[in-house]
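*Asks:* For reference, the structure I am asking about is given below.
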There are 2 protein chains.
Amino acid sequence: MPSSAKPPGGPAIHAINPWVVGNLKPGARHQLLSDDERAQLARISSIVRFKKGEQIYNKGDPADAAFNIVSGVVTIYPELSGKHRHVGAFLYPGDIFGLSEEGFYTNASGATTPVVAYRMPMHALRRLLASRPDLDVDVIVKLCEELRQAQRHSLVLARKKAVPKLAMFLDLQEHLQMLPGEPAAAAIYLPMSRSDIAAYLGLTLPAVSRAFRKLVSDKVIAFRDRQHARIVDRKAFEGIADAEDRLGA
Amino acid sequence: MPSSAKPPGGPAIHAINPWVVGNLKPGARHQLLSDDERAQLARISSIVRFKKGEQIYNKGDPADAAFNIVSGVVTIYPELSGKHRHVGAFLYPGDIFGLSEEGFYTNASGATTPVVAYRMPMHALRRLLASRPDLDVDVIVKLCEELRQAQRHSLVLARKKAVPKLAMFLDLQEHLQMLPGEPAAAAIYLPMSRSDIAAYLGLTLPAVSRAFRKLVSDKVIAFRDRQHARIVDRKAFEGIADAEDRLGA
DNA sequence: CGCTGGCTTGATTCTATTCAATTTTCGTGG
DNA sequence: CCACGAAAATTGAATAGAATCAAGCCAGCG
């Protein structure tokens, strides 16, 4: 665990900054931390790697560290219950997880792709936060971001019909994947399994499959392969994603 | 708006404290703020009242203040869209809202019952937070609480069948209404309209009505009046609330 | 006292679940 | 590198449960 070989320059927190109103274009995600702050965090962090499918921590485990994703995708499971396993969130580089509980983790998490992350021991993190008031403002901002994220998830779950649900989900993932700087990816990357998508949307696997089929056969989206969807008809897509639940196509 | 007649002793934040592991019993809500902190907050706050049904602020309004509920119930609407109006949360005394955005509110809120609240101007609040590092720890704690709340909401929304959904909702509301100190209320108070419950659960009004009917006719709950439900058969109730979705009664 | 809006209840339609069979994909070991 | 086996995904048919449409009920309020 030597932090000798650290890739970019320390932990990075990506978020839509809700405080600053000026120069930054709204809706885009930015790096919240200054180089100095990242260096501070890097000093207490170690780099960890997880294989695809590997569990990172389980609900109820003693929570000794928080994580910051460098690369890969992490899935959060709010409950461990064998069946009926709901998916709480899909996390991307720049996101933080394992926070929000002292003592024990309140949810489980797993690596959906191979994952590289910073591991930040809680005790060191708290010491750092206490000595750097500007840092906990960033934490607050990040928490607000996650809250908005969770609220969007609720909005998706509240939709009754499968096709709009799925369209909204794709829209969400696309926004999440817009990285700071880069313009717009050609395809939406879907590294998670169809069952995980189903669990995230509150649908069954077959329902998700059929909804995808419909979107494809209606020429709204197209698949390059199982993991890469491209939006063919943006107009129709948005119409479906934010249509009131009645009014058919 | 004179803050001369302030009821208890300043703003109060109720939350399940996730940091302290000791003496406090888990699952119970506590007052986070010290008397001193409450006094500080009181100095910058004014007391406001809203009539039942009154809108407190609208999505997109300039956000000049946050609120802390003294008494009454507040409903959060994540979107203003006329139809398909989803309900994001029901808030109780001790909760904070109107936070989490600088510049403009990101959701709408309304008084579901007559509401008394502290109104804390953002500029003063931020100044106070900057000068009192211990206070923003409390804010972080409260945000974590709201996040867990939102995640629980997701869990409820992910349920496919109406009856378990409703049972889970009642369970949630009951926990929310457990005030610091008091033991357990005899009845669950449901001040919100059935349509708001439906919007919160991602169901239609008739579906909610039928689900209530079933719970009542199965002797699991009983109504004292439209607003007060009592759990008659706690065993069966919990069985329904956390049953896997298949296996019927 | 009658009205209005929220709630309940009923009949029908529609869509997602469920159960189940088949195909594809992917990881493993030969 | 290919072949195999297991897990995931697709597809199909039948069912169940909620949405929808619509009518009547109850309660609060002028």
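Ordering of the structure tokens sets the chain letters (A, B, ...); residue numbers start at 1 within each chain; ligands are numbered from 1 in the order shown.
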Tell me as a ChimeraX atom specification which residues belonging to chain C come within 9 Å of chain B, counting only C-alpha atoms (C1' of nucleotides).
*Replies:* /C:6-9
*Asks:* Mind listing the strand (DSSP E) residues of range 58-206 of chain A, per DSSP on the backbone, as number ranges by chain?
*Replies:* A: 62-63, 65-71, 74-77, 89-91, 96-97, 103-104, 108-111, 115-121, 188-189
*Asks:* Check which residues of chain C sit at most 8 Å from range 8-17 of chain D using only C-alpha atoms (C1' of nucleotides), and return one row each with the closest pair of atoms and their distance in Å to one decimal, ordered by chain and rising number, as a tab-separated table.
*Replies:*
```
residue	atom	partner	partner_atom	distance
C:DT17	C1'	D:DA16	C1'	7.6
C:DT18	C1'	D:DT15	C1'	7.5
C:DT22	C1'	D:DT11	C1'	7.8
C:DT23	C1'	D:DT10	C1'	7.1
C:DT24	C1'	D:DA9	C1'	7.1
C:DT25	C1'	D:DA8	C1'	7.3
```
*Asks:* Atoms to include: N, CA, C and O atoms (P, O5', C5', C4', C3', O3' and C1' of nucleotides). Write the selected residues as an mmCIF file, in the first residue's frame.
*Replies:*
```
data_model
loop_
_atom_site.group_PDB
_atom_site.id
_atom_site.type_symbol
_atom_site.label_atom_id
_atom_site.label_comp_id
_atom_site.auth_asym_id
_atom_site.auth_seq_id
_atom_site.Cartn_x
_atom_site.Cartn_y
_atom_site.Cartn_z
ATOM 1 P P DT C 17 -42.016 -5.588 -13.532
ATOM 2 O "O5'" DT C 17 -42.689 -6.949 -13.069
ATOM 3 C "C5'" DT C 17 -43.665 -6.901 -12.035
ATOM 4 C "C4'" DT C 17 -44.278 -8.274 -11.830
ATOM 5 C "C3'" DT C 17 -43.273 -9.390 -11.495
ATOM 6 O "O3'" DT C 17 -43.721 -10.075 -10.333
ATOM 7 C "C1'" DT C 17 -44.644 -10.049 -13.306
ATOM 8 P P DT C 18 -42.766 -11.075 -9.556
ATOM 9 O "O5'" DT C 18 -43.238 -12.531 -10.048
ATOM 10 C "C5'" DT C 18 -44.572 -12.726 -10.468
ATOM 11 C "C4'" DT C 18 -44.718 -14.027 -11.257
ATOM 12 C "C3'" DT C 18 -43.618 -15.078 -11.069
ATOM 13 O "O3'" DT C 18 -44.225 -16.298 -10.623
ATOM 14 C "C1'" DT C 18 -44.116 -14.752 -13.365
ATOM 15 P P DT C 22 -36.907 -25.376 -25.317
ATOM 16 O "O5'" DT C 22 -35.984 -24.169 -25.818
ATOM 17 C "C5'" DT C 22 -36.606 -23.014 -26.404
ATOM 18 C "C4'" DT C 22 -35.552 -21.965 -26.675
ATOM 19 C "C3'" DT C 22 -34.223 -22.512 -27.212
ATOM 20 O "O3'" DT C 22 -33.907 -21.819 -28.397
ATOM 21 C "C1'" DT C 22 -33.854 -21.041 -25.400
ATOM 22 P P DT C 23 -32.620 -22.100 -29.258
ATOM 23 O "O5'" DT C 23 -31.749 -20.796 -28.977
ATOM 24 C "C5'" DT C 23 -32.345 -19.505 -29.161
ATOM 25 C "C4'" DT C 23 -31.371 -18.465 -28.657
ATOM 26 C "C3'" DT C 23 -29.960 -18.627 -29.214
ATOM 27 O "O3'" DT C 23 -29.562 -17.393 -29.768
ATOM 28 C "C1'" DT C 23 -29.925 -18.441 -26.846
ATOM 29 P P DT C 24 -28.217 -17.200 -30.542
ATOM 30 O "O5'" DT C 24 -27.370 -16.371 -29.479
ATOM 31 C "C5'" DT C 24 -27.937 -15.191 -28.918
ATOM 32 C "C4'" DT C 24 -27.074 -14.737 -27.757
ATOM 33 C "C3'" DT C 24 -25.588 -14.661 -28.098
ATOM 34 O "O3'" DT C 24 -25.185 -13.306 -27.969
ATOM 35 C "C1'" DT C 24 -25.974 -15.749 -26.004
ATOM 36 P P DT C 25 -23.691 -12.862 -28.220
ATOM 37 O "O5'" DT C 25 -23.094 -12.919 -26.753
ATOM 38 C "C5'" DT C 25 -23.815 -12.290 -25.680
ATOM 39 C "C4'" DT C 25 -23.068 -12.553 -24.375
ATOM 40 C "C3'" DT C 25 -21.557 -12.388 -24.486
ATOM 41 O "O3'" DT C 25 -21.132 -11.518 -23.454
ATOM 42 C "C1'" DT C 25 -22.099 -14.477 -23.518
#
```
*Asks:* Compile the contact shell of Phe90 in chain A as JSON, numbers by chain: residues with an atom at most 12 Å away, counting only C-alpha atoms (C1' of nucleotides), same-chain residues fewer than 3 positions apart removed.
*Replies:* {"A": [69, 72, 73, 74, 75, 76, 77, 78, 86, 87, 93, 95, 96, 97, 109, 110, 111, 112, 113, 146, 149, 150, 153, 169, 172, 173, 176, 177, 189, 190, 191, 192, 193, 196, 197, 199, 200, 201]}
*Asks:* Considering only C-alpha atoms (C1' of nucleotides), extract the chain D residues located within 12 Å of chain B and return them as a list in words.
*Replies:*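 Every residue of chain D that passes the 12 Å test is in DA16, DG17, DA18, DA19, DT20, DC21, DC26 and DA27 of chain D.
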*Asks:* For the selection you just gave me, I'd like the residues written to a file as a compact mmCIF listing (two decimals), in the first residue's frame, keeping N, CA, C and O atoms (P, O5', C5', C4', C3', O3' and C1' of nucleotides).
*Replies:*
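Final file, result_9.txt:
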```
# COMPACT_ATOMS: atom_id res chain seq x y z
P DA D 16 -53.62 -15.61 -11.47
O5' DA D 16 -52.93 -14.34 -10.82
C5' DA D 16 -51.51 -14.27 -10.69
C4' DA D 16 -51.11 -12.82 -10.46
C3' DA D 16 -52.09 -12.07 -9.57
O3' DA D 16 -51.37 -11.15 -8.80
C1' DA D 16 -52.00 -11.02 -11.65
P DG D 17 -51.90 -10.65 -7.35
O5' DG D 17 -51.52 -9.11 -7.37
C5' DG D 17 -50.28 -8.68 -7.92
C4' DG D 17 -50.49 -7.38 -8.65
C3' DG D 17 -51.37 -6.39 -7.88
O3' DG D 17 -50.64 -5.20 -7.72
C1' DG D 17 -52.08 -6.57 -10.12
P DA D 18 -51.14 -4.05 -6.71
O5' DA D 18 -51.05 -2.79 -7.66
C5' DA D 18 -49.92 -2.60 -8.48
C4' DA D 18 -50.27 -1.75 -9.68
C3' DA D 18 -50.98 -0.45 -9.33
O3' DA D 18 -50.40 0.60 -10.07
C1' DA D 18 -52.26 -1.66 -10.89
P DA D 19 -50.90 2.11 -9.98
O5' DA D 19 -51.52 2.34 -11.43
C5' DA D 19 -50.69 2.15 -12.55
C4' DA D 19 -51.43 2.45 -13.84
C3' DA D 19 -52.11 3.81 -13.89
O3' DA D 19 -51.93 4.37 -15.19
C1' DA D 19 -53.74 2.10 -14.10
P DT D 20 -52.45 5.82 -15.53
O5' DT D 20 -53.92 5.63 -16.12
C5' DT D 20 -54.17 4.58 -17.05
C4' DT D 20 -55.66 4.45 -17.31
C3' DT D 20 -56.45 5.77 -17.25
O3' DT D 20 -57.10 5.93 -18.50
C1' DT D 20 -57.55 4.06 -16.04
P DC D 21 -57.84 7.32 -18.86
O5' DC D 21 -59.37 6.96 -18.62
C5' DC D 21 -59.90 5.77 -19.21
C4' DC D 21 -61.32 5.54 -18.74
C3' DC D 21 -62.17 6.80 -18.59
O3' DC D 21 -63.45 6.55 -19.15
C1' DC D 21 -62.20 5.58 -16.58
P DC D 26 -71.48 7.52 2.64
O5' DC D 26 -70.47 8.52 3.36
C5' DC D 26 -69.08 8.28 3.27
C4' DC D 26 -68.35 9.60 3.44
C3' DC D 26 -68.93 10.49 4.54
O3' DC D 26 -67.98 10.52 5.60
C1' DC D 26 -68.39 11.73 2.56
P DA D 27 -68.18 11.34 6.88
O5' DA D 27 -67.42 12.67 6.46
C5' DA D 27 -66.12 12.58 5.89
C4' DA D 27 -65.53 13.97 5.75
C3' DA D 27 -65.91 14.90 6.89
O3' DA D 27 -64.78 15.65 7.27
C1' DA D 27 -66.65 15.79 4.81
```
*Asks:* Between B:Leu129, B:Ala222, B:Ile56, B:Ala65, which has the minimum distance to Val115 in chain B (counting only C-alpha atoms)?
*Replies:*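 For Val115 in chain B, the nearest of the candidates is B:Ile56.
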*Asks:* Write out as JSON, numbers by chain the residues lying within 12 Å of DT28 in chain C, counting only C-alpha atoms (C1' of nucleotides) and excluding same-chain residues fewer than 5 positions away.
*Replies:* {"D": [2, 3, 4, 5, 6]}
*Asks:* Output all heavy atoms of each residue in that selection to a file, as an mmCIF file, in the first residue's frame.
*Replies:*
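Done, and the output landed in again_31.cif:
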```cif
data_model
loop_
_atom_site.group_PDB
_atom_site.id
_atom_site.type_symbol
_atom_site.label_atom_id
_atom_site.label_comp_id
_atom_site.auth_asym_id
_atom_site.auth_seq_id
_atom_site.Cartn_x
_atom_site.Cartn_y
_atom_site.Cartn_z
ATOM 1 P P DC D 2 -9.335 -20.777 -32.839
ATOM 2 O OP1 DC D 2 -9.365 -20.936 -34.315
ATOM 3 O OP2 DC D 2 -9.829 -19.542 -32.220
ATOM 4 O "O5'" DC D 2 -10.059 -22.021 -32.200
ATOM 5 C "C5'" DC D 2 -9.404 -23.292 -32.206
ATOM 6 C "C4'" DC D 2 -10.035 -24.161 -31.133
ATOM 7 O "O4'" DC D 2 -9.633 -23.682 -29.831
ATOM 8 C "C3'" DC D 2 -11.564 -24.155 -31.142
ATOM 9 O "O3'" DC D 2 -12.020 -25.491 -31.229
ATOM 10 C "C2'" DC D 2 -11.964 -23.460 -29.841
ATOM 11 C "C1'" DC D 2 -10.747 -23.708 -28.957
ATOM 12 N N1 DC D 2 -10.507 -22.689 -27.909
ATOM 13 C C2 DC D 2 -10.376 -23.098 -26.570
ATOM 14 O O2 DC D 2 -10.466 -24.296 -26.284
ATOM 15 N N3 DC D 2 -10.138 -22.146 -25.621
ATOM 16 C C4 DC D 2 -10.047 -20.853 -25.960
ATOM 17 N N4 DC D 2 -9.800 -19.969 -24.991
ATOM 18 C C5 DC D 2 -10.180 -20.434 -27.325
ATOM 19 C C6 DC D 2 -10.412 -21.368 -28.252
ATOM 20 P P DA D 3 -13.532 -25.825 -31.310
ATOM 21 O OP1 DA D 3 -13.704 -26.930 -32.274
ATOM 22 O OP2 DA D 3 -14.282 -24.575 -31.473
ATOM 23 O "O5'" DA D 3 -13.765 -26.404 -29.850
ATOM 24 C "C5'" DA D 3 -12.824 -27.313 -29.290
ATOM 25 C "C4'" DA D 3 -13.317 -27.712 -27.913
ATOM 26 O "O4'" DA D 3 -13.016 -26.643 -26.979
ATOM 27 C "C3'" DA D 3 -14.823 -27.941 -27.839
ATOM 28 O "O3'" DA D 3 -15.087 -29.039 -26.975
ATOM 29 C "C2'" DA D 3 -15.354 -26.631 -27.287
ATOM 30 C "C1'" DA D 3 -14.212 -26.185 -26.373
ATOM 31 N N9 DA D 3 -14.088 -24.739 -26.231
ATOM 32 C C8 DA D 3 -14.226 -23.791 -27.196
ATOM 33 N N7 DA D 3 -14.029 -22.566 -26.776
ATOM 34 C C5 DA D 3 -13.747 -22.724 -25.430
ATOM 35 C C6 DA D 3 -13.440 -21.810 -24.412
ATOM 36 N N6 DA D 3 -13.372 -20.490 -24.602
ATOM 37 N N1 DA D 3 -13.205 -22.298 -23.174
ATOM 38 C C2 DA D 3 -13.263 -23.631 -22.991
ATOM 39 N N3 DA D 3 -13.535 -24.595 -23.869
ATOM 40 C C4 DA D 3 -13.772 -24.065 -25.083
ATOM 41 P P DC D 4 -16.557 -29.657 -26.877
ATOM 42 O OP1 DC D 4 -16.415 -31.111 -26.948
ATOM 43 O OP2 DC D 4 -17.440 -28.928 -27.826
ATOM 44 O "O5'" DC D 4 -16.975 -29.274 -25.403
ATOM 45 C "C5'" DC D 4 -16.116 -29.631 -24.300
ATOM 46 C "C4'" DC D 4 -16.406 -28.731 -23.142
ATOM 47 O "O4'" DC D 4 -16.136 -27.373 -23.514
ATOM 48 C "C3'" DC D 4 -17.868 -28.749 -22.670
ATOM 49 O "O3'" DC D 4 -17.951 -29.513 -21.471
ATOM 50 C "C2'" DC D 4 -18.223 -27.274 -22.456
ATOM 51 C "C1'" DC D 4 -16.902 -26.536 -22.672
ATOM 52 N N1 DC D 4 -17.023 -25.207 -23.329
ATOM 53 C C2 DC D 4 -16.762 -24.051 -22.603
ATOM 54 O O2 DC D 4 -16.432 -24.147 -21.401
ATOM 55 N N3 DC D 4 -16.863 -22.838 -23.215
ATOM 56 C C4 DC D 4 -17.213 -22.762 -24.496
ATOM 57 N N4 DC D 4 -17.280 -21.566 -25.046
ATOM 58 C C5 DC D 4 -17.483 -23.940 -25.259
ATOM 59 C C6 DC D 4 -17.396 -25.126 -24.647
ATOM 60 P P DG D 5 -19.387 -29.873 -20.855
ATOM 61 O OP1 DG D 5 -19.208 -31.128 -20.093
ATOM 62 O OP2 DG D 5 -20.417 -29.763 -21.900
ATOM 63 O "O5'" DG D 5 -19.586 -28.698 -19.804
ATOM 64 C "C5'" DG D 5 -18.588 -28.457 -18.818
ATOM 65 C "C4'" DG D 5 -18.954 -27.197 -18.049
ATOM 66 O "O4'" DG D 5 -18.801 -26.042 -18.909
ATOM 67 C "C3'" DG D 5 -20.399 -27.188 -17.553
ATOM 68 O "O3'" DG D 5 -20.406 -26.770 -16.198
ATOM 69 C "C2'" DG D 5 -21.099 -26.193 -18.462
ATOM 70 C "C1'" DG D 5 -19.969 -25.248 -18.862
ATOM 71 N N9 DG D 5 -20.130 -24.649 -20.180
ATOM 72 C C8 DG D 5 -20.576 -25.272 -21.329
ATOM 73 N N7 DG D 5 -20.601 -24.478 -22.368
ATOM 74 C C5 DG D 5 -20.149 -23.256 -21.871
ATOM 75 C C6 DG D 5 -19.959 -22.018 -22.533
ATOM 76 O O6 DG D 5 -20.161 -21.742 -23.714
ATOM 77 N N1 DG D 5 -19.478 -21.042 -21.659
ATOM 78 C C2 DG D 5 -19.218 -21.240 -20.328
ATOM 79 N N2 DG D 5 -18.769 -20.196 -19.648
ATOM 80 N N3 DG D 5 -19.391 -22.389 -19.697
ATOM 81 C C4 DG D 5 -19.848 -23.346 -20.533
ATOM 82 P P DA D 6 -21.744 -26.744 -15.354
ATOM 83 O OP1 DA D 6 -21.480 -27.478 -14.106
ATOM 84 O OP2 DA D 6 -22.877 -27.118 -16.231
ATOM 85 O "O5'" DA D 6 -21.859 -25.199 -14.996
ATOM 86 C "C5'" DA D 6 -20.681 -24.468 -14.650
ATOM 87 C "C4'" DA D 6 -21.019 -22.981 -14.606
ATOM 88 O "O4'" DA D 6 -21.080 -22.454 -15.955
ATOM 89 C "C3'" DA D 6 -22.382 -22.680 -13.981
ATOM 90 O "O3'" DA D 6 -22.284 -21.488 -13.225
ATOM 91 C "C2'" DA D 6 -23.294 -22.495 -15.184
ATOM 92 C "C1'" DA D 6 -22.338 -21.857 -16.182
ATOM 93 N N9 DA D 6 -22.695 -22.110 -17.574
ATOM 94 C C8 DA D 6 -23.245 -23.250 -18.101
ATOM 95 N N7 DA D 6 -23.445 -23.182 -19.400
ATOM 96 C C5 DA D 6 -23.002 -21.914 -19.738
ATOM 97 C C6 DA D 6 -22.938 -21.224 -20.954
ATOM 98 N N6 DA D 6 -23.351 -21.742 -22.114
ATOM 99 N N1 DA D 6 -22.428 -19.972 -20.942
ATOM 100 C C2 DA D 6 -22.024 -19.451 -19.786
ATOM 101 N N3 DA D 6 -22.027 -20.003 -18.569
ATOM 102 C C4 DA D 6 -22.533 -21.247 -18.623
#
```
*Asks:* Work out how far CA of Met120 in chain A is from CA of Pro11 in chain A, in Å to one decimal.
*Replies:* 9.3 Å
*Asks:* Figure out the distance between CA of Leu155 in chain A and CA of Val70 in chain B, please, to one decimal in Å.
*Replies:*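 Value for the CA of Val70 in chain B-CA of Leu155 in chain A distance: 28.2 Å.
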*Asks:* Could you state the separation of CA of Gly88 in chain B and CA of Ala89 in chain A in Å, given to one decimal place?
*Replies:*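 Taking CA of Gly88 in chain B as the start and CA of Ala89 in chain A as the end point, the length is 17.4 Å.
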*Asks:* Let me make sure I understand: among B:Val220, B:Ala108, B:Met178, B:Leu157, which one has the smallest atom-to-atom distance to chain A if we use only C-alpha atoms?
*Replies:*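 For chain A, the nearest of the candidates is B:Leu157.
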*Asks:* Which one of B:Ser154, B:Gln227, B:Ser46, B:Asn68 sits closest to chain A if you count only C-alpha atoms?
*Replies:*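 Closest candidate: B:Ser154.
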*Asks:* Determine the nearest neighbour of Lys142 in chain B from the options B:Asn107, B:Leu99, B:Arg230, B:Ala198, counting only C-alpha atoms.
*Replies:*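 Under the stated criterion, the closest residue is B:Leu99.
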